[in-house]
Amino acid sequence: MISAQRFELLNRLWSRLDYLRGYLEESAIRDYFLGIICYGYLSRNIEDRVSHLLRHDKRSFEEAWQDEEMHDGLREELISALGYVIEPQFLFSTMVSQIKKSLFNVECFQSGIDCLNRSIMGADSEHSLQLFIDMDMSASLLERHVKSESNFIPDIMVAIHEILFSDDSISPVLFGEAYEFLISRFAANAGKKAGEFYTPPEVSALIAKIVTTGKNELRNVYDPTCGSASLLLSIAKEVKVGHFYGQEKMSTIYNLARMNMLLHGVTFDRFDIRNDDTLEQPRHMDIRFEAVVANPPYSAKWSAGPHFLDDERFGSYGVLAPQSKADLAFVQHMIYQLDYEGTLAAVLPHGVLFRGGSEGKIRCFLVENQNYVDAIIGLPPNLMYGTTIPVCILVMKKSRGTNEKILIVDASHDYESGRPQNQLRDLDVNKIADTYINKKQIEHYSYLATLDELRDNDYNLNISRYIDKDIEEEMIDIKTVERQLGEIDRKTAEIDAEIKSKLKELGIVFQNR
């Protein structure tokens with residue numbers, strides 16, 4: 001957790017952005033601000049590594065870099081250890097020093113970004129593609145304002161440096177926490193678009209507990225609609241994760257995801273996040289994952305072309321999810337990528353539980369033919385960014401064996417009300433996780449539905465069909481009500497008499513009507 005003092009500093013930093021909102025759109029402010037933080041973090045890593053490498057020399061980084069005998073070896077060592085290089089003149093601390101001496105210009109920062117991009121993993125990897133493209137200092141977006149607001153980039157750089165990078169004793173963990181904190185603040189301001197890149201942390205924590213049940217380590221995890229990668233990274237808070245994989249359709253959010261990985265200390269060689277449409281152009285088809293997690297766009301459109309019936313992800317079902325609602329298409333894709341011993345947990349709209357047509361046939365196949373559905377967890381309303389509708393978590397496994405029961409949980413009433421979003425409390429998250437892990441049946445809360453019951457309901461998985469709501473109807477005692485009404489009439493008569501008496505004392509005649 002971020003300390004109260006650091007939280008206050010981050011809030012102060014956040015407030016520094018307010019004056020920019022009259023000049024730039026919120027998404028542009030987000031991209032510049034978070035991009036600068038990422039650059040500063042990568043720069044600090046370079047300084048720390050170089051300091052270690054040159055600990056027995058009396059040369060500075062700049063002197064060693066200019067030495068022909070040391071230059072190539074130093075570069076190779078940095079590429080090998082960190083996957084990139086930032087040259088001495090482009091270090092974040094160097095540029096901040098230049099700002100304080102009035103020697104800085106944004107073109108220098110752009111040169112540093114270009115140099116960094118060329119160096120990433122030797123520039124042979126997809127990692128090198130456009131990591132900082134959304135904070136291009138030469139972009140027309142900046143050119144329209146940089147003359148009248150020429151100090152806003154330097155001001156942000158100095159503020160970020162003072163809060164995050166000026167103290168060498170600051171734990172590296174803080175950078176990831178700070179990035180998450182700021183993403184959440186941007187998400188809160190983004191309205192409907194927030195759901196495109198951020199899953200509330202308590203929902204991510206719940207999913208992490210579910211997919212790591214009984215495990216201390218995961219070989220790999222995968223999110224086919226990874227957004228800012230916050231959901232992926234939440235898994236690492238529960239168990240050790242070897243490699244992270246993801247795919248994100250929006251290029252801007254794709255860059256946020258990669259930066260988020262780096263700021264959480266995940267090096268380039270431990271993550272593979274691709275920028276493409278998961279349903280149309282999947283990029284990890286040859287890999288099976290121990291954990292698959294997702295918060296895909298709800299009821300998104302997709303092509304649903306007939307060629308998908310020949311796609312190994314969808315062909316065995318005989319039907320495709322409707323063109324107007326890709327929810328179950330994402331589920332089918334995730335199941336295909338899931339390892340036999342793995343667990344899948346996805347946040348989905350409740351419609352996937354009961355809609356008919358092709359979705360009903362897919363649901364029947366998942367339950368009857370494959371026996372993959374392990375649990376359905378109904379969550380409270382207004383929990384997710386960008387929508388007020390209640391959602392559910394669909395949990396699936398391929399290794400259920402002869403277990404034909406599905407745990408159904410109605411956790412929709414347990415939450416803390418808030419604005420703009422409601423929140424799951426720690427006790428709510430822990431209750432849901434405990435119920436799932438131990439497959440508990442709790443009256444009005446959870447139920448283990450049998451296959452016969454699912455058949456009787458025509459594979460309709462709507463939670464209300466299996467769990468009665470805990471609503472106690474108050475018994476009305478007619479005699480008590482009559483007595484209460486009589487008492488009200490008596491008191492009314494007494495008050496009327498007192499009013500008449502007071503009016504008479506004042507000489508006002510009260511006429512009965």
# chains A, B, ... in the order shown; residues from 1 in each chain; ligands from 1

$ residues_around --residues "Leu78 in chain A" --least-positions-apart "2" --cutoff "10 Å" --atoms "only C-alpha atoms" --output "list in words"
Asn45, Ile46, Arg49, Val50, Leu53, Asp72, Gly73, Leu74, Arg75, Glu76, Ser80, Ala81, Leu82, Gly83, Tyr84, Val85, Ile86, Ser119 and Met121 of chain A

$ select_by_dssp --residues "range 74-126 of chain A" --states "helix (DSSP H, G or I)" --output "MDAnalysis selection string"
chainID A and resid 74:82 88:90 92:100 106:123 126

$ closest_residue --among "A:Ser417, A:Ser111, A:Ser399, A:Ser446" --to "Ala375 in chain A" --atoms "only C-alpha atoms"
A:Ser446

$ atom_distance --atom1 "CA of Glu443 in chain A" --atom2 "CA of Ala208 in chain A"
25.6 Å

$ closest_residue --among "A:Leu348, A:Leu461, A:Ala326, A:Ile287" --to "Arg363 in chain A" --atoms "only C-alpha atoms"
A:Leu461

$ residues_around --residues "Met396 in chain A" --least-positions-apart "5" --cutoff "8 Å" --atoms "only C-alpha atoms" --output "ChimeraX atom specification"
/A:335,343-345,372-375

$ write_last_selection --atoms "C-alpha atoms" --output "PDB file, in the first residue's frame"
ATOM      1  CA  ILE A 335     -11.047 -21.811 -23.285  1.00  0.00           C
ATOM      2  CA  THR A 343      -8.290 -21.915 -14.418  1.00  0.00           C
ATOM      3  CA  LEU A 344     -10.155 -19.263 -16.386  1.00  0.00           C
ATOM      4  CA  ALA A 345     -11.951 -16.328 -14.751  1.00  0.00           C
ATOM      5  CA  TYR A 372     -16.083 -26.703 -18.175  1.00  0.00           C
ATOM      6  CA  VAL A 373     -18.239 -24.297 -16.130  1.00  0.00           C
ATOM      7  CA  ASP A 374     -16.982 -24.389 -12.549  1.00  0.00           C
ATOM      8  CA  ALA A 375     -18.633 -21.365 -10.939  1.00  0.00           C
TER       9      ALA A 375
END

$ residues_around --residues "Asn438 in chain A" --least-positions-apart "6" --cutoff "12 Å" --atoms "only C-alpha atoms" --output "list in words"
Ile210, Thr213, Gly214, Ala375, Leu407, Asn430, Lys431, Ile432, Ser446 and Leu448 of chain A

$ write_last_selection --atoms "C-alpha atoms" --output "mmCIF file, in the first residue's frame"
data_model
loop_
_atom_site.group_PDB
_atom_site.id
_atom_site.type_symbol
_atom_site.label_atom_id
_atom_site.label_comp_id
_atom_site.auth_asym_id
_atom_site.auth_seq_id
_atom_site.Cartn_x
_atom_site.Cartn_y
_atom_site.Cartn_z
ATOM 1 C CA ILE A 210 -9.686 -17.640 -7.758
ATOM 2 C CA THR A 213 -6.309 -21.505 -5.765
ATOM 3 C CA GLY A 214 -4.045 -24.290 -4.526
ATOM 4 C CA ALA A 375 -18.633 -21.365 -10.939
ATOM 5 C CA LEU A 407 -21.187 -23.343 -7.776
ATOM 6 C CA ASN A 430 -12.557 -12.891 1.146
ATOM 7 C CA LYS A 431 -16.076 -14.268 1.606
ATOM 8 C CA ILE A 432 -16.485 -14.876 -2.119
ATOM 9 C CA SER A 446 -24.421 -19.776 -2.715
ATOM 10 C CA LEU A 448 -24.212 -26.106 -5.893
#

$ atom_distance --atom1 "CA of Ala329 in chain A" --atom2 "CA of Arg258 in chain A"
25.4 Å

$ residues_around --residues "Gly305 in chain A" --least-positions-apart "6" --cutoff "12 Å" --atoms "only C-alpha atoms" --output "list in words"
Leu279, Glu280, Asp311, Phe314, Val319, Leu320, Ala321, Pro322, Gln323 and Ala329 of chain A

$ write_last_selection --atoms "C-alpha atoms" --output "PDB file, in the first residue's frame"
ATOM      1  CA  LEU A 279     -10.777 -12.534 -32.021  1.00  0.00           C
ATOM      2  CA  GLU A 280      -9.727 -11.599 -35.542  1.00  0.00           C
ATOM      3  CA  ASP A 311     -11.464 -21.916 -36.701  1.00  0.00           C
ATOM      4  CA  PHE A 314     -15.117 -22.085 -32.439  1.00  0.00           C
ATOM      5  CA  VAL A 319     -22.557 -22.010 -33.973  1.00  0.00           C
ATOM      6  CA  LEU A 320     -20.996 -18.600 -33.465  1.00  0.00           C
ATOM      7  CA  ALA A 321     -21.737 -15.915 -30.930  1.00  0.00           C
ATOM      8  CA  PRO A 322     -23.965 -13.237 -32.501  1.00  0.00           C
ATOM      9  CA  GLN A 323     -22.316 -10.422 -34.404  1.00  0.00           C
ATOM     10  CA  ALA A 329     -16.713 -15.581 -28.504  1.00  0.00           C
TER      11      ALA A 329
END

$ atom_distance --atom1 "CA of Met137 in chain A" --atom2 "CA of Gln110 in chain A"
5.5 Å

$ select_by_dssp --residues "range 340-397 of chain A" --states "strand (DSSP E)" --output "number ranges by chain"
A: 340-349, 373-378, 391-397

$ closest_residue --among "A:Val352, A:Cys364, A:Val481, A:Ile235" --to "Gly318 in chain A" --atoms "only C-alpha atoms"
A:Cys364

$ closest_residue --among "A:Lys405, A:Gln98, A:Lys215, A:Ala291" --to "Tyr340 in chain A" --atoms "only C-alpha atoms"
A:Ala291

$ residues_around --residues "range 216-229 of chain A" --least-positions-apart "3" --cutoff "9 Å" --atoms "only C-alpha atoms" --output "number ranges by chain"
A: 183, 195-199, 212-213, 232-236, 238-250, 253-261, 273, 277-279, 282, 288-297, 330, 333-334, 337-338
